[in-house]
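Visitor: Just so it is clear, I am handing over data29.cif, which has mmCIF, C-alpha atoms.
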data_my_file
loop_
_atom_site.label_atom_id
_atom_site.label_comp_id
_atom_site.auth_asym_id
_atom_site.auth_seq_id
_atom_site.Cartn_x
_atom_site.Cartn_y
_atom_site.Cartn_z
CA MET A 1 123.50 115.51 292.90
CA ASN A 2 125.55 113.74 290.24
CA THR A 3 126.13 110.86 292.64
CA LEU A 4 122.40 110.48 293.27
CA MET A 5 121.65 110.46 289.55
CA ARG A 6 124.32 107.89 288.89
CA LYS A 7 122.94 105.66 291.64
CA THR A 8 119.41 106.01 290.25
CA GLN A 9 120.57 105.19 286.74
CA LYS A 10 122.39 102.14 288.05
CA ALA A 11 119.33 100.97 289.98
CA VAL A 12 117.02 101.37 286.96
CA LEU A 13 119.48 99.63 284.69
CA SER A 14 119.89 96.80 287.18
CA LEU A 15 116.13 96.44 287.43
CA LEU A 16 115.79 96.32 283.64
CA ILE A 17 118.48 93.66 283.39
CA ALA A 18 116.77 91.64 286.14
CA VAL A 19 113.34 91.84 284.47
CA LEU A 20 114.84 91.03 281.08
CA THR A 21 116.66 88.01 282.47
CA ALA A 22 113.55 86.86 284.35
CA SER A 23 111.48 87.10 281.17
CA ILE A 24 114.06 85.13 279.19
CA VAL A 25 114.14 82.42 281.87
CA THR A 26 110.32 82.19 281.87
CA ILE A 27 109.93 82.16 278.10
CA VAL A 28 112.61 79.51 277.65
CA ALA A 29 111.00 77.36 280.32
CA LEU A 30 107.51 77.68 278.80
CA ALA A 31 108.79 77.06 275.29
CA ALA A 32 109.78 73.59 276.37
CA GLY A 33 106.07 72.73 276.76
CA PRO A 34 103.78 70.99 277.41
CA TYR A 35 101.33 72.73 275.08
CA THR A 36 97.54 72.74 275.24
CA ARG A 37 96.00 72.70 271.80
CA THR A 38 92.69 71.65 270.34
CA GLU A 39 92.15 70.93 266.70
CA GLY A 40 89.57 69.48 264.42
CA THR A 41 90.24 66.00 263.12
CA THR A 42 88.53 63.32 261.12
CA THR A 43 90.43 60.44 262.62
CA SER A 44 90.99 58.77 265.95
CA GLN A 45 87.44 59.21 267.14
CA ASN A 46 86.23 56.92 269.84
CA LEU A 47 83.46 54.63 268.81
CA VAL A 48 80.16 55.84 270.12
CA LYS A 49 78.10 52.97 271.38
CA VAL A 50 74.38 53.10 271.21
CA GLY A 51 72.44 52.07 274.25
CA GLY A 52 70.47 48.90 274.63
CA THR A 53 70.67 45.63 272.76
CA GLN A 54 67.23 44.13 273.08
CA ASN A 55 65.79 45.74 270.01
CA LYS A 56 68.91 45.64 267.87
CA GLN A 57 68.85 43.06 265.13
CA THR A 58 71.33 42.11 262.48
CA LEU A 59 70.41 40.39 259.26
CA PRO A 60 71.53 37.98 258.12
CA SER A 61 74.76 37.79 260.10
CA ALA A 62 77.38 40.15 261.37
CA SER A 63 80.01 37.84 259.94
CA CYS A 64 79.26 39.17 256.49
CA ALA A 65 80.86 42.50 257.30
CA GLY A 66 84.23 42.91 255.64
CA SER A 67 83.30 40.71 252.74
CA TYR A 68 79.79 40.54 251.37
CA CYS A 69 76.70 38.45 251.87
CA GLY A 70 75.32 38.31 248.39
CA THR A 71 75.40 39.85 244.97
CA LEU A 72 73.18 40.67 242.03
CA THR A 73 74.08 41.99 238.62
CA GLN A 74 72.58 45.21 237.40
CA PRO A 75 71.03 45.13 233.93
CA THR A 76 72.58 46.72 230.89
CA GLY A 77 70.53 49.11 228.84
CA GLY A 78 68.19 50.66 231.34
CA ALA A 79 64.53 49.94 231.95
CA GLY A 80 62.72 46.81 230.86
CA ASN A 81 65.15 44.32 232.34
CA THR A 82 64.21 41.78 234.96
CA ILE A 83 64.61 43.18 238.42
CA TYR A 84 65.44 40.84 241.24
CA GLU A 85 64.96 41.64 244.86
CA TRP A 86 67.34 40.34 247.48
CA ASN A 87 65.60 40.14 250.82
CA MET A 88 67.60 40.29 253.97
CA GLY A 89 66.28 37.39 256.00
CA THR A 90 63.34 35.10 255.52
CA SER A 91 60.78 36.62 257.82
CA ASN A 92 59.06 39.94 257.88
CA VAL A 93 59.87 42.43 260.56
CA SER A 94 57.52 44.75 262.36
CA ASN A 95 58.21 48.37 262.93
CA ILE A 96 61.66 48.88 261.55
CA TYR A 97 62.93 52.14 262.93
CA HIS A 98 66.62 53.02 262.62
CA TRP A 99 68.05 51.29 259.61
CA CYS A 100 71.67 50.81 258.55
CA ALA A 101 73.51 48.92 255.81
CA TYR A 102 77.16 47.92 255.63
CA ILE A 103 78.77 48.71 252.28
CA PRO A 104 81.38 46.12 251.28
CA THR A 105 84.82 47.19 250.13
CA THR A 106 84.59 45.06 247.01
CA ILE A 107 84.97 47.14 243.83
CA PRO A 108 83.59 48.42 241.60
CA THR A 109 80.18 49.05 243.02
CA ALA A 110 77.22 50.88 241.65
CA ALA A 111 74.29 52.86 242.96
CA SER A 112 71.78 50.54 244.49
CA ARG A 113 68.32 50.81 245.92
CA TYR A 114 67.56 49.69 249.43
CA VAL A 115 63.87 49.16 249.95
CA ILE A 116 61.75 48.61 252.99
CA SER A 117 58.33 47.78 251.73
CA GLU A 118 55.11 47.32 253.53
CA LEU A 119 53.55 43.98 252.68
CA SER A 120 50.40 45.65 251.44
CA HIS A 121 52.60 47.60 248.99
CA THR A 122 50.70 50.76 249.74
CA TYR A 123 53.79 52.25 251.17
CA SER A 124 57.46 51.66 250.64
CA TRP A 125 60.52 53.33 251.93
CA ASP A 126 63.31 53.53 249.41
CA VAL A 127 66.80 54.79 249.99
CA LEU A 128 69.35 55.13 247.21
CA VAL A 129 72.96 54.49 248.05
CA ASN A 130 75.92 55.09 245.79
CA GLN A 131 78.03 52.28 247.17
CA SER A 132 81.23 53.69 245.66
CA ASN A 133 81.18 56.57 248.13
CA PHE A 134 80.60 54.61 251.32
CA LYS A 135 82.86 51.57 251.07
CA GLY A 136 83.83 49.91 254.32
CA LYS A 137 81.36 51.78 256.49
CA PHE A 138 77.82 51.46 257.69
CA VAL A 139 75.47 53.90 256.05
CA TYR A 140 72.67 55.23 258.17
CA LEU A 141 69.64 54.94 255.92
CA GLY A 142 67.30 56.90 258.13
CA PHE A 143 64.44 56.19 260.40
CA SER A 144 60.80 55.46 259.93
CA ASP A 145 58.21 57.81 261.32
CA TYR A 146 55.49 55.59 259.97
CA PRO A 147 54.59 53.99 263.30
CA ASN A 148 53.46 57.42 264.37
CA GLN A 149 51.04 57.63 261.52
CA SER A 150 49.46 54.20 261.25
CA PRO A 151 48.86 51.01 263.21
CA ALA A 152 52.09 49.95 264.82
CA ASP A 153 52.07 46.39 263.54
CA ILE A 154 52.90 47.04 259.91
CA SER A 155 55.22 44.34 258.71
CA LYS A 156 58.11 45.24 256.53
CA ARG A 157 60.74 43.29 254.70
CA PRO A 158 64.05 45.03 254.16
CA GLY A 159 65.71 44.27 250.90
CA LEU A 160 67.68 45.51 247.94
CA ASP A 161 67.26 45.16 244.24
CA ASN A 162 69.39 45.32 241.14
CA ALA A 163 67.45 48.00 239.27
CA CYS A 164 69.50 50.62 237.45
CA GLN A 165 68.99 53.98 239.08
CA SER A 166 68.14 57.17 237.26
CA GLY A 167 71.27 59.02 236.22
CA TYR A 168 73.71 56.36 237.42
CA SER A 169 75.74 53.91 235.36
CA CYS A 170 73.72 51.03 233.97
CA ASP A 171 76.28 48.66 232.55
CA GLY A 172 75.96 45.28 234.25
CA ARG A 173 77.96 46.08 237.36
CA LYS A 174 77.69 43.92 240.42
CA VAL A 175 75.76 45.15 243.40
CA TYR A 176 77.10 43.66 246.61
CA PHE A 177 74.85 43.24 249.60
CA ASP A 178 76.01 43.00 253.13
CA THR A 179 74.80 43.23 256.68
CA ILE A 180 71.72 45.23 257.45
CA ARG A 181 71.11 46.36 260.97
CA TYR A 182 67.93 47.78 262.29
CA THR A 183 66.09 48.62 265.42
CA THR A 184 62.41 48.26 266.05
CA TYR A 185 60.06 50.91 267.26
CA PRO A 186 59.84 52.26 269.88
CA SER A 187 63.52 52.52 270.44
CA THR A 188 65.84 54.65 272.50
CA MET A 189 68.79 53.70 270.37
CA GLY A 190 70.65 56.16 268.26
CA SER A 191 71.65 56.26 264.66
CA ASP A 192 75.22 55.06 264.88
CA CYS A 193 74.56 51.58 263.51
CA LEU A 194 76.81 50.00 266.11
CA LEU A 195 76.11 46.97 268.21
CA ASP A 196 76.87 47.24 271.90
CA MET B 1 128.00 100.15 285.85
CA ARG B 2 130.68 97.92 287.06
CA LYS B 3 130.95 94.29 286.04
CA ILE B 4 129.72 93.14 289.44
CA ASP B 5 126.52 95.21 289.00
CA TRP B 6 125.71 93.41 285.71
CA VAL B 7 126.26 90.03 287.31
CA VAL B 8 124.11 90.83 290.37
CA SER B 9 121.30 92.18 288.14
CA ALA B 10 121.33 89.13 285.92
CA PHE B 11 121.39 86.77 288.91
CA ALA B 12 118.48 88.63 290.47
CA GLY B 13 116.60 88.23 287.18
CA ILE B 14 117.21 84.48 287.10
CA VAL B 15 115.98 84.15 290.68
CA LEU B 16 112.95 86.27 289.86
CA GLY B 17 112.15 84.20 286.76
CA VAL B 18 112.44 80.87 288.60
CA LEU B 19 110.31 82.17 291.44
CA GLY B 20 107.69 83.32 288.95
CA LEU B 21 107.59 79.91 287.30
CA VAL B 22 107.46 77.99 290.57
CA THR B 23 104.70 80.12 292.04
CA GLY B 24 102.77 80.25 288.74
CA VAL B 25 102.61 84.02 288.78
CA THR B 26 104.02 84.23 285.26
CA ASN B 27 101.40 81.82 283.92
CA SER B 28 98.73 84.43 284.19
CA PHE B 29 100.36 86.64 281.60
CA LEU B 30 102.71 84.40 279.66
CA HIS B 31 101.06 80.98 279.49
CA PRO B 32 99.08 80.50 276.28
CA GLU B 33 95.36 79.82 276.51
CA PRO B 34 94.02 76.78 274.64
CA VAL B 35 93.18 77.79 271.09
CA SER B 36 91.38 76.13 268.26
CA ALA B 37 93.96 75.39 265.63
CA GLU B 38 91.86 74.41 262.63
CA SER B 39 93.99 73.60 259.66
CA PRO B 40 92.88 74.76 256.20
CA ILE B 41 91.69 71.24 255.30
CA ASP B 42 89.62 71.11 258.49
CA VAL B 43 88.01 74.42 257.57
CA ALA B 44 87.22 73.09 254.11
CA LEU B 45 85.83 69.77 255.37
CA SER B 46 83.74 71.55 258.02
CA THR B 47 82.26 73.74 255.30
CA ILE B 48 81.33 70.64 253.28
CA LEU B 49 79.92 68.87 256.34
CA THR B 50 77.53 71.74 257.04
CA SER B 51 76.91 72.69 253.43
CA HIS B 52 73.14 72.29 253.66
CA ALA B 53 72.99 75.21 256.12
CA ARG B 54 74.85 77.57 253.81
CA TRP B 55 72.29 78.13 251.05
CA HIS B 56 68.54 78.61 250.57
CA THR B 57 68.06 77.90 246.88
CA VAL B 58 70.21 76.41 244.15
CA GLN B 59 69.56 75.81 240.49
CA GLY B 60 71.65 74.76 237.56
CA GLU B 61 72.82 71.84 235.50
CA ALA B 62 75.47 69.14 235.85
CA GLU B 63 76.92 66.54 233.52
CA PHE B 64 77.81 63.02 234.66
CA VAL B 65 80.09 60.70 232.70
CA TRP B 66 80.26 57.15 234.08
CA TYR B 67 83.11 54.93 232.92
CA SER B 68 82.29 51.27 232.37
CA GLU B 69 84.72 48.47 233.00
CA ASP B 70 85.12 47.95 229.23
CA GLY B 71 86.15 51.58 228.75
CA SER B 72 82.85 52.81 227.30
CA THR B 73 80.99 55.72 228.89
CA GLN B 74 77.43 56.69 229.78
CA THR B 75 76.54 60.36 229.98
CA TYR B 76 73.66 62.01 231.80
CA THR B 77 72.61 65.60 232.33
CA ASN B 78 71.05 66.54 235.68
CA LYS B 79 68.96 69.73 235.70
CA PHE B 80 68.09 70.85 239.20
CA ALA B 81 66.22 73.47 241.24
CA LEU B 82 66.00 73.19 245.03
CA SER B 83 64.45 75.45 247.63
CA GLN B 84 65.12 74.50 251.23
CA PRO B 85 63.90 72.73 253.17
CA ASP B 86 61.87 70.38 250.99
CA ASN B 87 61.12 71.64 247.47
CA VAL B 88 63.09 69.74 244.85
CA TYR B 89 63.05 69.39 241.08
CA VAL B 90 65.62 67.18 239.38
CA GLU B 91 65.45 66.06 235.76
CA VAL B 92 67.81 63.39 234.49
CA VAL B 93 68.45 63.31 230.74
CA ASP B 94 70.09 60.15 229.40
CA GLN B 95 72.45 61.35 226.65
CA THR B 96 73.56 57.91 225.50
CA GLY B 97 70.26 56.01 225.65
CA LEU B 98 71.74 53.23 227.76
CA GLY B 99 70.40 54.00 231.20
CA VAL B 100 67.40 55.35 233.06
CA ASP B 101 66.21 58.93 233.07
CA GLY B 102 63.26 60.70 234.61
CA ILE B 103 62.06 63.60 236.70
CA TRP B 104 61.89 63.68 240.50
CA ILE B 105 59.82 66.31 242.28
CA SER B 106 59.11 67.08 245.91
CA ASP B 107 56.64 69.77 246.90
CA GLY B 108 57.16 69.17 250.63
CA GLU B 109 53.98 67.12 250.98
CA ASN B 110 54.45 64.48 248.33
CA ILE B 111 57.22 62.98 246.26
CA TYR B 112 56.63 62.37 242.56
CA ASP B 113 58.67 60.08 240.32
CA LEU B 114 57.94 60.95 236.69
CA ASN B 115 58.42 58.62 233.73
CA LYS B 116 59.20 60.78 230.72
CA GLN B 117 58.57 58.01 228.18
CA ASN B 118 54.94 57.32 229.00
CA LYS B 119 54.15 60.60 230.80
CA THR B 120 53.11 58.93 234.05
CA TYR B 121 54.14 59.41 237.64
CA THR B 122 54.11 57.58 240.95
CA GLN B 123 53.39 59.42 244.17
CA ASN B 124 54.55 58.84 247.72
CA ILE B 125 54.20 60.83 250.90
CA PHE B 126 57.01 63.11 252.04
CA ARG B 127 57.84 61.57 255.40
CA ASP B 128 58.58 63.91 258.30
CA ALA B 129 61.73 61.89 258.91
CA LEU B 130 63.21 63.42 255.76
CA ARG B 131 63.26 66.81 257.48
CA ASP B 132 65.00 65.59 260.63
CA THR B 133 68.66 66.57 260.46
CA SER B 134 69.31 66.24 264.18
CA TYR B 135 71.39 63.08 263.78
CA LEU B 136 73.82 64.64 261.31
CA PRO B 137 77.31 65.49 262.57
CA SER B 138 77.61 69.26 262.85
CA LYS B 139 81.37 69.31 263.30
CA LEU B 140 84.24 67.06 262.30
CA SER B 141 84.74 65.76 265.81
CA ASP B 142 81.18 64.39 265.68
CA VAL B 143 81.91 62.22 262.65
CA ASN B 144 81.57 58.54 263.49
CA PRO B 145 84.45 56.48 262.04
CA SER B 146 82.15 53.52 261.41
CA THR B 147 79.00 55.14 260.11
CA VAL B 148 78.21 57.59 257.33
CA LYS B 149 75.18 59.81 257.83
CA PHE B 150 73.77 61.28 254.67
CA TYR B 151 71.47 64.30 254.49
CA PRO B 152 68.00 62.71 254.90
CA LEU B 153 66.30 64.36 251.94
CA ALA B 154 69.24 63.42 249.72
CA THR B 155 68.75 59.72 250.48
CA VAL B 156 65.57 59.64 248.42
CA ILE B 157 66.28 62.03 245.53
CA ASN B 158 66.43 59.92 242.39
CA ALA B 159 69.47 61.49 240.70
CA PRO B 160 73.20 61.47 241.40
CA VAL B 161 73.47 65.25 241.62
CA ARG B 162 72.01 64.87 245.13
CA GLU B 163 75.39 63.66 246.38
CA TYR B 164 77.12 66.88 245.33
CA LEU B 165 74.34 69.29 246.33
CA PHE B 166 74.27 67.60 249.76
CA PRO B 167 77.91 66.58 250.22
CA SER B 168 77.95 66.02 254.00
CA TRP B 169 79.01 62.41 253.35
CA PHE B 170 82.29 63.50 251.77
CA PRO B 171 84.25 64.30 254.97
CA GLN B 172 82.96 61.11 256.63
CA GLY B 173 85.62 58.79 255.26
CA ARG B 174 87.22 55.91 257.04
CA GLU B 175 89.98 56.16 259.58
CA GLY B 176 93.21 56.29 257.61
CA ASP B 177 91.73 58.08 254.61
CA ILE B 178 93.67 61.20 253.65
CA TYR B 179 92.18 64.53 252.61
CA THR B 180 94.43 67.23 251.18
CA ILE B 181 93.87 70.62 249.57
CA ASP B 182 95.69 70.65 246.24
CA LYS B 183 95.03 74.31 245.47
CA GLU B 184 92.47 77.08 245.41
CA GLU B 185 91.13 78.43 242.13
CA SER B 186 87.99 79.71 240.39
CA PHE B 187 85.33 77.55 238.79
CA LEU B 188 82.09 78.86 237.25
CA GLY B 189 83.08 82.27 238.62
CA ARG B 190 83.23 81.00 242.20
CA LYS B 191 86.17 80.48 244.53
CA VAL B 192 86.78 76.79 245.10
CA TRP B 193 89.01 74.44 247.05
CA VAL B 194 90.43 71.55 245.04
CA ILE B 195 90.46 68.68 247.53
CA ARG B 196 91.91 65.21 247.04
CA TRP B 197 90.45 62.27 249.00
CA ASN B 198 92.62 59.14 249.03
CA THR B 199 91.05 56.15 250.73
CA ILE B 200 92.86 53.37 252.53
CA ASP B 201 92.11 50.99 249.65
CA ASN B 202 93.58 53.29 247.02
CA ASP B 203 90.46 54.88 245.61
CA GLU B 204 90.82 58.55 244.80
CA THR B 205 88.29 61.34 244.42
CA ILE B 206 89.18 64.92 243.53
CA VAL B 207 86.50 67.54 244.16
CA TRP B 208 86.13 71.23 243.41
CA VAL B 209 84.25 72.69 246.38
CA ASP B 210 82.51 76.07 246.41
CA LYS B 211 84.08 77.92 249.35
CA THR B 212 80.85 79.74 250.19
CA THR B 213 78.29 76.93 250.10
CA GLY B 214 80.43 73.80 250.45
CA ILE B 215 78.68 72.34 247.40
CA ILE B 216 80.83 70.13 245.16
CA LEU B 217 80.85 71.71 241.70
CA LYS B 218 83.13 69.23 240.00
CA ALA B 219 84.42 65.75 240.81
CA SER B 220 86.68 63.08 239.33
CA GLN B 221 86.48 59.65 240.92
CA PHE B 222 88.87 56.74 240.40
CA MET B 223 88.21 53.22 241.66
CA GLY B 224 91.13 50.80 241.80
CA GLY B 225 93.15 53.23 239.72
CA LYS B 226 90.60 53.37 236.90
CA PRO B 227 88.31 56.28 236.00
CA PHE B 228 84.86 55.78 237.51
CA LEU B 229 83.05 59.11 237.26
CA ASP B 230 83.55 62.64 235.99
CA MET B 231 80.95 65.12 237.24
CA THR B 232 80.89 68.76 236.21
CA PHE B 233 78.43 71.51 236.98
CA THR B 234 77.87 73.46 233.77
CA SER B 235 75.73 76.16 235.41
CA PHE B 236 75.13 77.07 239.04
CA ASP B 237 73.11 79.78 240.76
CA VAL B 238 72.80 80.20 244.53
CA ASN B 239 70.01 81.90 246.45
CA GLY B 240 68.27 83.13 243.31
CA LYS B 241 64.52 83.24 242.80
CA ILE B 242 62.92 79.99 241.63
CA ASP B 243 59.52 79.79 239.97
CA PRO B 244 57.43 77.63 242.40
CA GLU B 245 55.58 76.10 239.42
CA ILE B 246 58.61 73.91 238.77
CA PHE B 247 57.82 71.95 241.95
CA LYS B 248 54.44 70.86 240.54
CA VAL B 249 53.77 67.85 238.33
CA PRO B 250 53.28 69.03 234.73
CA GLN B 251 49.66 68.81 233.58
CA ASP B 252 50.42 66.38 230.75
CA TYR B 253 51.46 63.69 233.24
CA SER B 254 48.96 61.27 234.80
CA PRO B 255 49.21 58.81 237.71
CA ALA B 256 50.67 55.43 236.79
CA SER B 257 48.28 52.51 237.20
CA LYS B 258 49.28 50.14 239.99
#
Show the structure stored in the file as structure tokens.

Guide:
Amino acid sequence: MNTLMRKTQKAVLSLLIAVLTASIVTIVALAAGPYTRTEGTTTSQNLVKVGGTQNKQTLPSASCAGSYCGTLTQPTGGAGNTIYEWNMGTSNVSNIYHWCAYIPTTIPTAASRYVISELSHTYSWDVLVNQSNFKGKFVYLGFSDYPNQSPADISKRPGLDNACQSGYSCDGRKVYFDTIRYTTYPSTMGSDCLLD
Amino acid sequence: MRKIDWVVSAFAGIVLGVLGLVTGVTNSFLHPEPVSAESPIDVALSTILTSHARWHTVQGEAEFVWYSEDGSTQTYTNKFALSQPDNVYVEVVDQTGLGVDGIWISDGENIYDLNKQNKTYTQNIFRDALRDTSYLPSKLSDVNPSTVKFYPLATVINAPVREYLFPSWFPQGREGDIYTIDKEESFLGRKVWVIRWNTIDNDETIVWVDKTTGIILKASQFMGGKPFLDMTFTSFDVNGKIDPEIFKVPQDYSPASK
């Protein structure tokens, strides 16, 4: 009886040692990798290209990006100063849909007003941009749903002005203007502001 | 057990382990599954990116101090009440008399820009496009390195507090920008992250972010190493009841002549 017990104890102990050794071998091997891990990140994204080029326009020239295409000086002392408008391009454009502006990296910049105005001036589409928060990137300024609500041949002229904006600094800072990109309606293109 | 028994057992274990690895049997119970390893800064930036979905109403007051290049300052107070998705009241009070103030109201059908000096207002339609948030990135991996997408309604609100009530632009910096959490603390009785954003051209913005709503309650911005803006919420209430009358043009205002 004692012999049987001893043999059983030996067998169990041997099995335990074998399993323990096997586990150590496996864990050590797996610890060497490779690992599979996903994590959120704000960098190293692939550029997402938007489809189609026929309707994509750039005013006045893509070569402005990285520097700036023009500048105006904001007034000092609030309302009542002369406001100048800086039009992007010389001709009017019909049916602007997606609309983007490149914000130069030149500092310091101030809040500026981008305006797409209908020639009849019964409707305008203003977007305020605090340039200091978007330097070196295109800002998607939105899309127009106006073609759905009125005749589709409304002409618009995209532009910017140097008016001081409510609640922002108004101290004679420069406003730098750069490339504007837009698509015309109807369009299947997205809102990523990128040329193909 | 004799010495030979220990050796045989260990050898058997090694053989067993190698066999398990080769055949892949051990993978089923030892190999780790892919997991999402969001760092604390990713959690904070994701909260900011989706801030607009984390509250229904907000009201309060914020102070803005803009630093001019000559060292002088301009101070504004922004009083605000917003009820999602499209009711907005923002009043800008110019404390130094050097800039532009006014009141901006949206009732969801029209937008009103009020001139406090001559008690007039201009009116524009509230475009449906301002309600379309489908193009906004909903997670950090959707952020486009070349393009910033701002909350549509915030693009037209005529007051700087819009940028902090709708801060989805904040995590959309350029490739190479660095975001770090300095610390966690309390501000206005709310738990906040203190996050530092250093851009690749040496601008720096420090923000105090409400951990529940993702709204930026305080910010200090430096451009080229010089102070540019200090913004501080002085009062803040989330999801409280707002009197709907505030989203109507006051009766003593009249339409501006064109």

Visitor: Which residues come within 6 Å of stretch 130-142 of chain A, counting all atoms listed in the file, excluding same-chain residues fewer than 6 positions away, as a list in words?

Guide: His98, Trp99, Cys100, Ala101, Tyr102, Ile103, Pro104, Thr105, Thr109, Ala110 and Ala111 of chain A; Ser146, Thr147, Val148 and Lys149 of chain B

Visitor: Of the candidates B:Gly214, B:Gly102, B:Gly225, B:Pro137, which shows the shortest atom-to-atom distance to chain A, using only C-alpha atoms?

Guide: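 Closest residue, counting only C-alpha atoms: B:Gly102.
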
Visitor: Just how far from atom CA of A:Ser166 is atom CA of B:Pro244, in Å to one decimal?

Guide: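 It comes out at 23.7 Å.
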
Visitor: Since I can't run it myself right now, could you work out what the PyMOL selection byres ((chain B and resi 226) around 12) selects here and report it as an NGL selection string?

Guide: (:A and (107-108)) or (:B and (66-71 or 202-205 or 220-225 or 227-230))

Visitor: Report the distance between atom CA of A:Gln165 and atom CA of B:Phe233 in Å, rounded to one decimal place.

Guide: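 According to the coordinates, atom CA of A:Gln165 and atom CA of B:Phe233 are separated by 20.0 Å.
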
Visitor: If you apply the PyMOL selection byres ((chain B and resi 58) around 8) to this file, what residues do you get, as a ChimeraX atom specification?

Guide: /B:55-57,59-60,80-83,236-240

Visitor: Which of these, A:Thr71, A:Thr76, A:Thr179, A:Thr8, has the shortest distance to chain B once you count only C-alpha atoms?

Guide: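 Result for the nearest residue to chain B: A:Thr76.
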
Visitor: So what does the PyMOL selection byres ((chain B and resi 52) around 9) actually pick up in this one, as a PyMOL selection string?

Guide: chain B and resi 48-51+53-56+84+151+165-168+213-215

Visitor: Have a look at atom CA of B:Val194 and atom CA of B:Asn158 and let me know their distance in Å, one decimal.

Guide: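 These atoms are spaced 26.8 Å apart.
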
Visitor: Rank A:Tyr168, A:Tyr114, A:Tyr182, A:Tyr176 by their smallest atom-to-atom distance to B:Thr77, using all atoms listed in the file, and report the top residue only.

Guide: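 Of A:Tyr168, A:Tyr114, A:Tyr182, A:Tyr176, the one nearest B:Thr77, counting all atoms listed in the file, is A:Tyr168.
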